[in-house]
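Engineer: Got structure.tsv for you, TSV, C-alpha atoms (C1' of nucleotides):
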chain	number	residue	atom	x	y	z
Y	181	MET	CA	0.00	0.00	0.00
Y	182	ILE	CA	2.77	2.41	1.01
Y	183	CYS	CA	4.70	1.24	-2.00
Y	184	PHE	CA	1.84	2.27	-4.25
Y	185	GLN	CA	1.64	5.66	-2.57
Y	186	ILE	CA	5.33	6.31	-3.11
Y	187	LYS	CA	5.08	5.22	-6.71
Y	188	PHE	CA	2.14	7.53	-7.16
Y	189	GLN	CA	4.03	10.41	-5.56
Y	190	PHE	CA	6.99	9.99	-7.87
Y	191	TYR	CA	4.68	9.82	-10.82
Y	192	TYR	CA	2.93	12.97	-9.62
Y	193	ILE	CA	6.21	14.84	-9.19
Y	194	TYR	CA	7.31	13.70	-12.59
Y	195	ARG	CA	4.11	14.97	-14.21
Y	196	VAL	CA	3.87	18.32	-12.45
Y	197	LYS	CA	7.53	19.25	-12.21
Y	198	LYS	CA	8.27	18.25	-15.78
Y	199	THR	CA	8.49	21.87	-16.85
Y	200	ILE	CA	11.00	22.61	-14.08
Y	201	PHE	CA	13.22	19.74	-15.15
Y	202	THR	CA	13.01	20.95	-18.72
Y	203	PHE	CA	14.13	24.42	-17.67
Y	204	ALA	CA	16.95	23.00	-15.59
Y	205	ALA	CA	18.18	21.05	-18.59
Y	206	LEU	CA	17.90	24.20	-20.65
Y	207	VAL	CA	20.04	26.24	-18.25
Y	208	LEU	CA	22.71	23.53	-18.27
Y	209	ALA	CA	22.66	23.51	-22.06
Y	210	ILE	CA	23.10	27.28	-22.13
Y	211	LEU	CA	26.05	27.15	-19.73
Y	212	ALA	CA	27.62	24.42	-21.84
Y	213	LEU	CA	27.15	26.56	-24.90
Y	214	PHE	CA	28.79	29.51	-23.21
Y	215	GLN	CA	31.85	27.47	-22.38
Y	216	LEU	CA	31.94	25.93	-25.83
Y	217	SER	CA	31.64	29.27	-27.57
Y	218	LYS	CA	34.33	30.79	-25.35
Y	219	TYR	CA	36.81	28.05	-26.11
Y	220	SER	CA	35.93	28.15	-29.78
Y	221	VAL	CA	36.50	31.88	-29.97
Y	222	ILE	CA	39.78	31.61	-28.08
Y	223	ALA	CA	40.89	28.74	-30.28
Y	224	GLY	CA	39.69	30.72	-33.28
Y	225	ASP	CA	38.45	27.63	-35.10
Y	226	THR	CA	34.79	28.70	-35.29
Y	227	SER	CA	33.47	31.95	-36.68
Y	228	ILE	CA	31.34	34.18	-34.47
Y	229	GLU	CA	28.61	34.10	-37.12
Y	230	THR	CA	28.27	30.34	-36.88
Y	231	ILE	CA	27.96	30.42	-33.11
Y	232	ILE	CA	25.37	33.18	-33.22
Y	233	ALA	CA	23.41	31.38	-35.91
Y	234	ILE	CA	23.40	28.16	-33.87
Y	235	ILE	CA	22.29	29.98	-30.72
Y	236	ALA	CA	19.60	31.83	-32.66
Y	237	VAL	CA	18.18	28.65	-34.18
Y	238	ILE	CA	18.29	26.79	-30.86
Y	239	PHE	CA	16.40	29.47	-28.96
Y	240	PHE	CA	14.00	30.03	-31.83
Y	241	VAL	CA	13.06	26.36	-31.66
Y	242	ILE	CA	12.92	26.41	-27.86
Y	243	GLY	CA	10.56	29.40	-27.97
Y	244	ILE	CA	8.23	27.61	-30.36
Y	245	VAL	CA	8.25	24.36	-28.38
Y	246	ILE	CA	7.56	25.99	-25.03
Y	247	ASN	CA	4.82	28.17	-26.44
Y	248	ARG	CA	3.18	25.19	-28.07
Y	249	ARG	CA	3.25	23.24	-24.81
Y	250	ILE	CA	1.62	26.05	-22.88
Y	251	LEU	CA	-1.08	26.68	-25.47
Y	252	HIS	CA	-1.73	22.99	-25.79
Y	253	LYS	CA	-2.35	22.58	-22.08
Y	254	LYS	CA	-4.91	25.36	-21.75
Y	255	LYS	CA	-6.66	24.36	-24.97
Y	256	LYS	CA	-9.63	22.84	-23.20
Y	257	PRO	CA	-12.77	23.50	-25.24
Y	258	THR	CA	-15.00	23.36	-22.18
Y	259	GLN	CA	-18.31	25.06	-22.81
Y	260	GLU	CA	-19.37	27.37	-19.99
Y	261	ILE	CA	-23.00	26.89	-19.00
Y	262	ASN	CA	-25.09	30.04	-18.74
Y	263	TYR	CA	-26.93	29.41	-15.47
Y	264	GLN	CA	-28.39	32.90	-15.48
Y	265	LYS	CA	-30.16	32.12	-18.74
Y	266	ILE	CA	-31.70	29.00	-17.21
Y	267	GLU	CA	-33.26	31.13	-14.48
Y	268	GLU	CA	-34.39	33.75	-16.98
Y	269	LEU	CA	-36.25	31.08	-18.91
Y	270	GLY	CA	-37.94	29.97	-15.69
Y	271	LEU	CA	-36.76	26.38	-16.08
Y	272	SER	CA	-37.20	24.38	-12.89
Y	273	LYS	CA	-34.50	22.01	-11.65
Y	274	ARG	CA	-36.40	18.95	-12.79
Y	275	GLU	CA	-37.21	20.42	-16.18
Y	276	TYR	CA	-33.55	21.21	-16.74
Y	277	GLU	CA	-32.53	17.69	-15.73
Y	278	VAL	CA	-34.98	16.27	-18.25
Y	279	LEU	CA	-33.66	18.63	-20.92
Y	280	CYS	CA	-30.12	17.40	-20.34
Y	281	GLN	CA	-31.22	13.78	-20.62
Y	282	ILE	CA	-33.07	14.54	-23.84
Y	283	ALA	CA	-29.87	16.06	-25.24
Y	284	MET	CA	-28.13	12.80	-24.35
Y	285	GLY	CA	-30.55	11.09	-26.70
Y	286	LEU	CA	-32.72	9.29	-24.14
Y	287	SER	CA	-36.42	8.51	-24.60
Y	288	ASN	CA	-39.08	9.57	-22.10
Y	289	LYS	CA	-39.23	6.03	-20.77
Y	290	GLU	CA	-35.46	5.86	-20.26
Y	291	ILE	CA	-35.42	9.25	-18.53
Y	292	ALA	CA	-38.26	8.12	-16.26
Y	293	GLU	CA	-36.27	5.04	-15.21
Y	294	LYS	CA	-33.12	7.08	-14.68
Y	295	LEU	CA	-34.85	9.68	-12.48
Y	296	PHE	CA	-37.07	7.10	-10.70
Y	297	VAL	CA	-40.39	8.67	-11.69
Y	298	SER	CA	-43.21	7.67	-14.04
Y	299	GLU	CA	-43.17	8.34	-17.76
Y	300	SER	CA	-46.18	10.65	-17.46
Y	301	THR	CA	-44.21	12.84	-15.08
Y	302	ILE	CA	-41.47	13.13	-17.68
Y	303	LYS	CA	-44.04	14.00	-20.32
Y	304	THR	CA	-45.32	16.80	-18.13
Y	305	HIS	CA	-41.81	18.16	-17.61
Y	306	VAL	CA	-41.02	17.90	-21.31
Y	307	SER	CA	-44.20	19.68	-22.28
Y	308	ASN	CA	-43.58	22.54	-19.84
Y	309	MET	CA	-39.93	22.75	-20.87
Y	310	LEU	CA	-40.83	23.00	-24.56
Y	311	VAL	CA	-43.12	25.95	-23.87
Y	312	LYS	CA	-40.43	27.74	-21.85
Y	313	LEU	CA	-37.81	27.16	-24.55
Y	314	ASP	CA	-40.31	28.09	-27.27
Y	315	ALA	CA	-39.64	24.80	-29.04
Y	316	LYS	CA	-42.07	22.57	-30.91
Y	317	ARG	CA	-40.06	19.36	-30.61
Y	318	ARG	CA	-37.40	17.92	-28.35
Y	319	THR	CA	-34.86	18.05	-31.17
Y	320	GLN	CA	-35.52	21.77	-31.56
Y	321	ALA	CA	-35.21	22.15	-27.80
Y	322	ILE	CA	-31.72	20.63	-27.99
Y	323	GLN	CA	-30.72	23.05	-30.75
Y	324	ILE	CA	-32.10	26.08	-28.87
Y	325	ALA	CA	-30.54	24.99	-25.59
Y	326	LYS	CA	-27.13	24.65	-27.21
Y	327	GLU	CA	-27.50	28.05	-28.83
Y	328	LEU	CA	-28.38	29.61	-25.48
Y	329	GLN	CA	-25.42	27.73	-23.97
Y	330	ILE	CA	-27.48	26.22	-21.19
Y	331	ILE	CA	-26.31	22.68	-22.01
Y	332	PRO	CA	-22.80	21.52	-22.94
Y	333	LEU	CA	-21.96	21.18	-26.64
N	26	MET	CA	-11.83	50.47	-62.15
N	27	ILE	CA	-8.16	49.79	-62.86
N	28	CYS	CA	-7.30	51.93	-59.86
N	29	PHE	CA	-9.43	49.75	-57.63
N	30	GLN	CA	-7.80	46.64	-59.02
N	31	ILE	CA	-4.33	47.98	-58.31
N	32	LYS	CA	-5.37	48.98	-54.81
N	33	PHE	CA	-6.81	45.54	-54.25
N	34	GLN	CA	-3.69	43.90	-55.59
N	35	PHE	CA	-1.47	45.85	-53.22
N	36	TYR	CA	-3.77	45.02	-50.34
N	37	TYR	CA	-3.73	41.39	-51.35
N	38	ILE	CA	0.06	41.36	-51.58
N	39	TYR	CA	0.25	43.08	-48.21
N	40	ARG	CA	-2.02	40.50	-46.57
N	41	VAL	CA	-0.55	37.38	-48.08
N	42	LYS	CA	3.09	38.37	-48.24
N	43	LYS	CA	3.12	39.81	-44.74
N	44	THR	CA	5.02	36.84	-43.42
N	45	ILE	CA	7.65	37.20	-46.14
N	46	PHE	CA	8.18	40.87	-45.28
N	47	THR	CA	8.50	39.91	-41.64
N	48	PHE	CA	11.15	37.35	-42.46
N	49	ALA	CA	12.99	39.83	-44.69
N	50	ALA	CA	13.09	42.29	-41.81
N	51	LEU	CA	14.30	39.47	-39.56
N	52	VAL	CA	17.17	38.59	-41.88
N	53	LEU	CA	18.23	42.23	-42.03
N	54	ALA	CA	18.13	42.38	-38.23
N	55	ILE	CA	20.31	39.27	-38.03
N	56	LEU	CA	22.85	40.70	-40.46
N	57	ALA	CA	22.94	43.92	-38.47
N	58	LEU	CA	23.51	41.90	-35.30
N	59	PHE	CA	26.34	40.02	-36.95
N	60	GLN	CA	28.07	43.25	-37.87
N	61	LEU	CA	27.44	44.73	-34.43
N	62	SER	CA	28.72	41.67	-32.63
N	63	LYS	CA	31.81	41.51	-34.83
N	64	TYR	CA	32.73	45.10	-34.12
N	65	SER	CA	32.04	44.66	-30.43
N	66	VAL	CA	34.30	41.63	-30.23
N	67	ILE	CA	37.03	43.38	-32.15
N	68	ALA	CA	36.67	46.48	-29.99
N	69	GLY	CA	36.54	44.22	-26.95
N	70	ASP	CA	33.99	46.36	-25.15
N	71	THR	CA	31.26	43.67	-24.93
N	72	SER	CA	31.63	40.19	-23.57
N	73	ILE	CA	30.71	37.21	-25.74
N	74	GLU	CA	28.28	36.01	-23.08
N	75	THR	CA	26.28	39.22	-23.26
N	76	ILE	CA	25.98	39.01	-27.02
N	77	ILE	CA	24.92	35.38	-26.89
N	78	ALA	CA	22.40	36.11	-24.17
N	79	ILE	CA	20.90	38.97	-26.18
N	80	ILE	CA	20.69	36.85	-29.31
N	81	ALA	CA	19.16	34.00	-27.36
N	82	VAL	CA	16.48	36.20	-25.80
N	83	ILE	CA	15.68	37.89	-29.11
N	84	PHE	CA	15.18	34.65	-30.96
N	85	PHE	CA	13.34	33.08	-28.07
N	86	VAL	CA	10.83	35.94	-28.23
N	87	ILE	CA	10.69	35.81	-32.03
N	88	GLY	CA	9.91	32.10	-31.86
N	89	ILE	CA	7.09	32.67	-29.41
N	90	VAL	CA	5.63	35.59	-31.38
N	91	ILE	CA	5.65	33.77	-34.72
N	92	ASN	CA	4.19	30.64	-33.20
N	93	ARG	CA	1.44	32.62	-31.51
N	94	ARG	CA	0.57	34.36	-34.77
N	95	ILE	CA	0.28	31.06	-36.63
N	96	LEU	CA	-1.75	29.38	-33.90
N	97	HIS	CA	-3.95	32.45	-33.54
N	98	LYS	CA	-4.88	32.42	-37.21
N	99	LYS	CA	-5.94	28.80	-37.28
N	100	LYS	CA	-7.52	29.02	-33.83
N	101	LYS	CA	-11.02	29.19	-35.23
N	102	PRO	CA	-13.28	27.03	-33.07
N	103	THR	CA	-14.81	25.65	-36.24
N	104	GLN	CA	-15.54	21.99	-35.78
N	105	GLU	CA	-13.87	20.02	-38.53
N	106	ILE	CA	-16.25	17.52	-40.09
N	107	ASN	CA	-14.93	14.00	-40.41
N	108	TYR	CA	-15.98	13.21	-43.97
N	109	GLN	CA	-14.08	9.95	-43.90
N	110	LYS	CA	-16.26	8.76	-41.03
N	111	ILE	CA	-19.38	9.55	-43.03
N	112	GLU	CA	-18.18	7.27	-45.78
N	113	GLU	CA	-17.16	4.60	-43.30
N	114	LEU	CA	-20.69	4.59	-41.92
N	115	GLY	CA	-22.04	4.20	-45.45
N	116	LEU	CA	-24.27	7.26	-45.15
N	117	SER	CA	-25.59	8.39	-48.52
N	118	LYS	CA	-25.68	12.07	-49.50
N	119	ARG	CA	-29.41	12.32	-48.91
N	120	GLU	CA	-29.27	10.51	-45.58
N	121	TYR	CA	-26.58	12.88	-44.41
N	122	GLU	CA	-28.62	15.90	-45.49
N	123	VAL	CA	-31.58	14.60	-43.53
N	124	LEU	CA	-29.36	14.00	-40.50
N	125	CYS	CA	-28.18	17.61	-40.59
N	126	GLN	CA	-31.75	18.90	-40.79
N	127	ILE	CA	-32.74	16.71	-37.85
N	128	ALA	CA	-29.90	18.22	-35.84
N	129	MET	CA	-31.31	21.64	-36.69
N	130	GLY	CA	-34.47	20.57	-34.89
N	131	LEU	CA	-36.77	20.13	-37.91
N	132	SER	CA	-39.63	17.60	-38.10
N	133	ASN	CA	-39.93	15.07	-40.92
N	134	LYS	CA	-42.62	17.20	-42.54
N	135	GLU	CA	-40.48	20.34	-42.44
N	136	ILE	CA	-37.47	18.49	-43.86
N	137	ALA	CA	-39.66	17.10	-46.65
N	138	GLU	CA	-40.77	20.63	-47.59
N	139	LYS	CA	-37.21	21.94	-47.44
N	140	LEU	CA	-35.81	19.20	-49.68
N	141	PHE	CA	-38.88	19.13	-52.00
N	142	VAL	CA	-39.73	15.46	-51.43
N	143	SER	CA	-42.55	13.63	-49.66
N	144	GLU	CA	-42.59	12.95	-45.95
N	145	SER	CA	-42.49	9.19	-46.56
N	146	THR	CA	-39.20	9.63	-48.40
N	147	ILE	CA	-37.78	11.42	-45.39
N	148	LYS	CA	-39.04	8.63	-43.15
N	149	THR	CA	-37.20	6.09	-45.29
N	150	HIS	CA	-33.99	8.11	-45.11
N	151	VAL	CA	-34.33	8.60	-41.37
N	152	SER	CA	-34.94	4.90	-40.79
N	153	ASN	CA	-31.90	3.87	-42.86
N	154	MET	CA	-29.76	6.56	-41.24
N	155	LEU	CA	-30.71	5.39	-37.73
N	156	VAL	CA	-29.59	1.85	-38.55
N	157	LYS	CA	-26.25	3.07	-39.94
N	158	LEU	CA	-25.62	5.28	-36.92
N	159	ASP	CA	-26.79	2.51	-34.57
N	160	ALA	CA	-29.29	4.88	-32.97
N	161	LYS	CA	-32.79	4.17	-31.68
N	162	ARG	CA	-34.11	7.72	-31.95
N	163	ARG	CA	-33.32	10.87	-33.85
N	164	THR	CA	-32.16	12.57	-30.65
N	165	GLN	CA	-29.69	9.77	-30.09
N	166	ALA	CA	-28.58	10.08	-33.71
N	167	ILE	CA	-27.76	13.75	-33.08
N	168	GLN	CA	-25.71	12.86	-30.02
N	169	ILE	CA	-23.81	10.09	-31.83
N	170	ALA	CA	-23.22	12.24	-34.91
N	171	LYS	CA	-21.74	15.02	-32.78
N	172	GLU	CA	-19.52	12.55	-30.99
N	173	LEU	CA	-18.27	11.17	-34.30
N	174	GLN	CA	-17.78	14.76	-35.46
N	175	ILE	CA	-19.73	14.28	-38.63
N	176	ILE	CA	-22.01	17.27	-37.94
N	177	PRO	CA	-20.99	20.69	-36.57
N	178	LEU	CA	-21.43	21.28	-32.83
X	1019	DC	C1'	-48.35	29.32	9.06
X	1020	DT	C1'	-50.04	29.96	4.49
X	1021	DA	C1'	-49.85	30.92	-0.34
X	1022	DA	C1'	-47.31	29.92	-4.38
X	1023	DA	C1'	-44.53	27.03	-6.91
X	1024	DT	C1'	-42.69	22.48	-7.82
X	1025	DT	C1'	-43.09	17.77	-8.40
X	1026	DT	C1'	-45.62	13.95	-8.98
X	1027	DC	C1'	-49.10	10.99	-11.33
X	1028	DA	C1'	-53.11	9.52	-14.21
X	1029	DT	C1'	-56.22	9.38	-18.16
X	1030	DA	C1'	-57.51	10.41	-22.67
X	1031	DC	C1'	-56.34	12.17	-26.79
X	1032	DT	C1'	-53.70	13.92	-31.08
X	1033	DT	C1'	-49.60	14.19	-33.51
X	1034	DT	C1'	-45.19	12.79	-34.87
X	1035	DA	C1'	-41.71	9.29	-35.33
X	1036	DG	C1'	-40.19	5.05	-36.80
X	1037	DT	C1'	-40.73	0.12	-39.06
X	1038	DA	C1'	-41.80	-3.04	-42.70
X	1039	DT	C1'	-42.71	-4.01	-47.22
X	1040	DG	C1'	-42.96	-3.36	-51.95
X	1041	DA	C1'	-42.07	-0.96	-56.02
X	1042	DA	C1'	-40.63	2.41	-59.69
X	1043	DT	C1'	-36.93	5.42	-61.48
X	1044	DG	C1'	-32.38	6.95	-62.43
X	1045	DC	C1'	-27.43	6.71	-62.09
X	1046	DT	C1'	-23.05	4.19	-62.37
X	1047	DA	C1'	-19.54	1.03	-63.10
X	1048	DT	C1'	-18.16	-3.42	-65.06
H	374	DA	C1'	-26.55	-4.19	-71.23
H	375	DT	C1'	-27.27	-5.19	-66.57
H	376	DA	C1'	-26.47	-5.64	-61.74
H	377	DG	C1'	-26.12	-2.70	-57.85
H	378	DC	C1'	-27.03	1.34	-55.41
H	379	DA	C1'	-29.45	5.65	-54.37
H	380	DT	C1'	-33.57	8.01	-54.47
H	381	DT	C1'	-38.23	8.35	-54.56
H	382	DC	C1'	-42.96	7.21	-53.01
H	383	DA	C1'	-47.01	4.70	-50.96
H	384	DT	C1'	-49.54	2.04	-47.55
H	385	DA	C1'	-50.22	0.05	-43.23
H	386	DC	C1'	-48.83	-0.49	-38.93
H	387	DT	C1'	-46.61	0.19	-34.12
H	388	DA	C1'	-44.25	3.10	-30.95
H	389	DA	C1'	-43.07	7.31	-29.10
H	390	DA	C1'	-43.86	12.10	-28.37
H	391	DG	C1'	-46.57	15.77	-27.04
H	392	DT	C1'	-51.17	18.17	-25.29
H	393	DA	C1'	-54.83	18.98	-22.09
H	394	DT	C1'	-56.83	18.56	-17.84
H	395	DG	C1'	-57.22	17.57	-13.16
H	396	DA	C1'	-55.42	16.49	-8.83
H	397	DA	C1'	-52.51	15.26	-4.77
H	398	DA	C1'	-48.18	15.73	-2.24
H	399	DT	C1'	-44.14	18.34	-1.33
H	400	DT	C1'	-41.16	22.31	-1.10
H	401	DT	C1'	-40.22	27.06	-0.71
H	402	DA	C1'	-40.64	31.72	0.34
H	403	DG	C1'	-42.95	35.62	2.62
Just give me the structure of the file as structure tokens.
Structural biologist:
Amino acid sequence: MICFQIKFQFYYIYRVKKTIFTFAALVLAILALFQLSKYSVIAGDTSIETIIAIIAVIFFVIGIVINRRILHKKKKPTQEINYQKIEELGLSKREYEVLCQIAMGLSNKEIAEKLFVSESTIKTHVSNMLVKLDAKRRTQAIQIAKELQIIPL
Amino acid sequence: MICFQIKFQFYYIYRVKKTIFTFAALVLAILALFQLSKYSVIAGDTSIETIIAIIAVIFFVIGIVINRRILHKKKKPTQEINYQKIEELGLSKREYEVLCQIAMGLSNKEIAEKLFVSESTIKTHVSNMLVKLDAKRRTQAIQIAKELQIIPL
DNA sequence: CTAAATTTCATACTTTAGTATGAATGCTAT
DNA sequence: ATAGCATTCATACTAAAGTATGAAATTTAG
């Protein structure tokens, strides 16, 4: 049990502190470059242009890679739900629950079983919900609800 | 008329060739840096480390900026439609059209009017489409189609 | 506590959705 | 040419969805 915990901890550190390790490696690489360039210049066997070009390319690539990592991580297309709109429409808690289940593609019977009520109850909720959303059908209700951002895409 | 065309052409060149101009400016900047660094080294009034550090920072920033520009341009949250999947499912053109109209919340009757065919034709398409999508209802078909990314969100 | 709103359920009814079957037409590729 | 597929349409049927009405129990807010 403890073994598992330790394993998990190491894994966690690895995942979270990955960026820090990357930066540490980067700093070391830079220092190495400094030394290399110094010796090269002193020895006179490498032109200053070559060194600068190499450094430029390296950091250009590093800039792109890091930027891509950061953008990639926060690229969560999570739809924010407009709870205020739900209240504005006057949708009750139960009506909203039913709406969500409809959007999942469930039938009235299936929703009834899932929410532990009778099918006629669901029908009542659906009917009231449709009026409040100004929809004629459940499919239209889904479309409208997604447009109003009251259910996830 | 010709004037407008010329104006448009210049605008077009400006828009499309912007990147090229940017790179041209970049190359000039690099050449200038080369000259500057050379003179500095010869004059001995700037250390090699400083020059390298400056170059590194400059290109690091350039890398980030260029990357951000590119990502920003193609960062349209437009859901790409998986046309290959549509073929894999064996959906015909008409069946797919009907599916899209269903997702818009239309009834069979409304779809029939929109596509200038009878309601029974739509029913046939819907029935075949449901089998191919392995859905029991049209609402479920919408959900599955969105998951498979064959219709826009 | 009481009035209003929500949730629940039922019954009866109408409308829409979906299935099954059969058939005619047109397009396409071998 | 012809076999296969897509499209079209019809009829008859079953299933699901949605409406209307009434009513009881529960929750919530003033």
Engineer: I need the contact residues of chain N against chain Y, so if you could list those with any atom within 7 Å, counting only C-alpha atoms, and return them as a PyMOL selection string, that would help.
Structural biologist: chain N and resi 59+74+77+80-81+84-89+92+128-131+164-165+168+178
Engineer: When you get a sec, could you note down which chain X residues fall within 12 Å of chain N, using only C-alpha atoms (C1' of nucleotides), as a PyMOL selection string?
Structural biologist: chain X and resi 1033-1039
Engineer: Distance limit 8 Å, atoms considered: all atoms listed in the file. Which chain N residues sit that close to chain H? Return them as an mmCIF file with C-alpha atoms, in the coordinates of the input.
Structural biologist:
data_model
loop_
_atom_site.group_PDB
_atom_site.id
_atom_site.type_symbol
_atom_site.label_atom_id
_atom_site.label_comp_id
_atom_site.auth_asym_id
_atom_site.auth_seq_id
_atom_site.Cartn_x
_atom_site.Cartn_y
_atom_site.Cartn_z
ATOM 1 C CA SER N 117 -25.590 8.390 -48.520
ATOM 2 C CA VAL N 142 -39.730 15.460 -51.430
ATOM 3 C CA SER N 143 -42.550 13.630 -49.660
ATOM 4 C CA SER N 145 -42.490 9.190 -46.560
ATOM 5 C CA THR N 146 -39.200 9.630 -48.400
#
Engineer: Just how far from CA of Glu277 (chain Y) is CA of Ile106 (chain N), in Å to one decimal?
Structural biologist: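 Taking CA of Ile106 (chain N) as the start and CA of Glu277 (chain Y) as the end point, the length is 29.3 Å.
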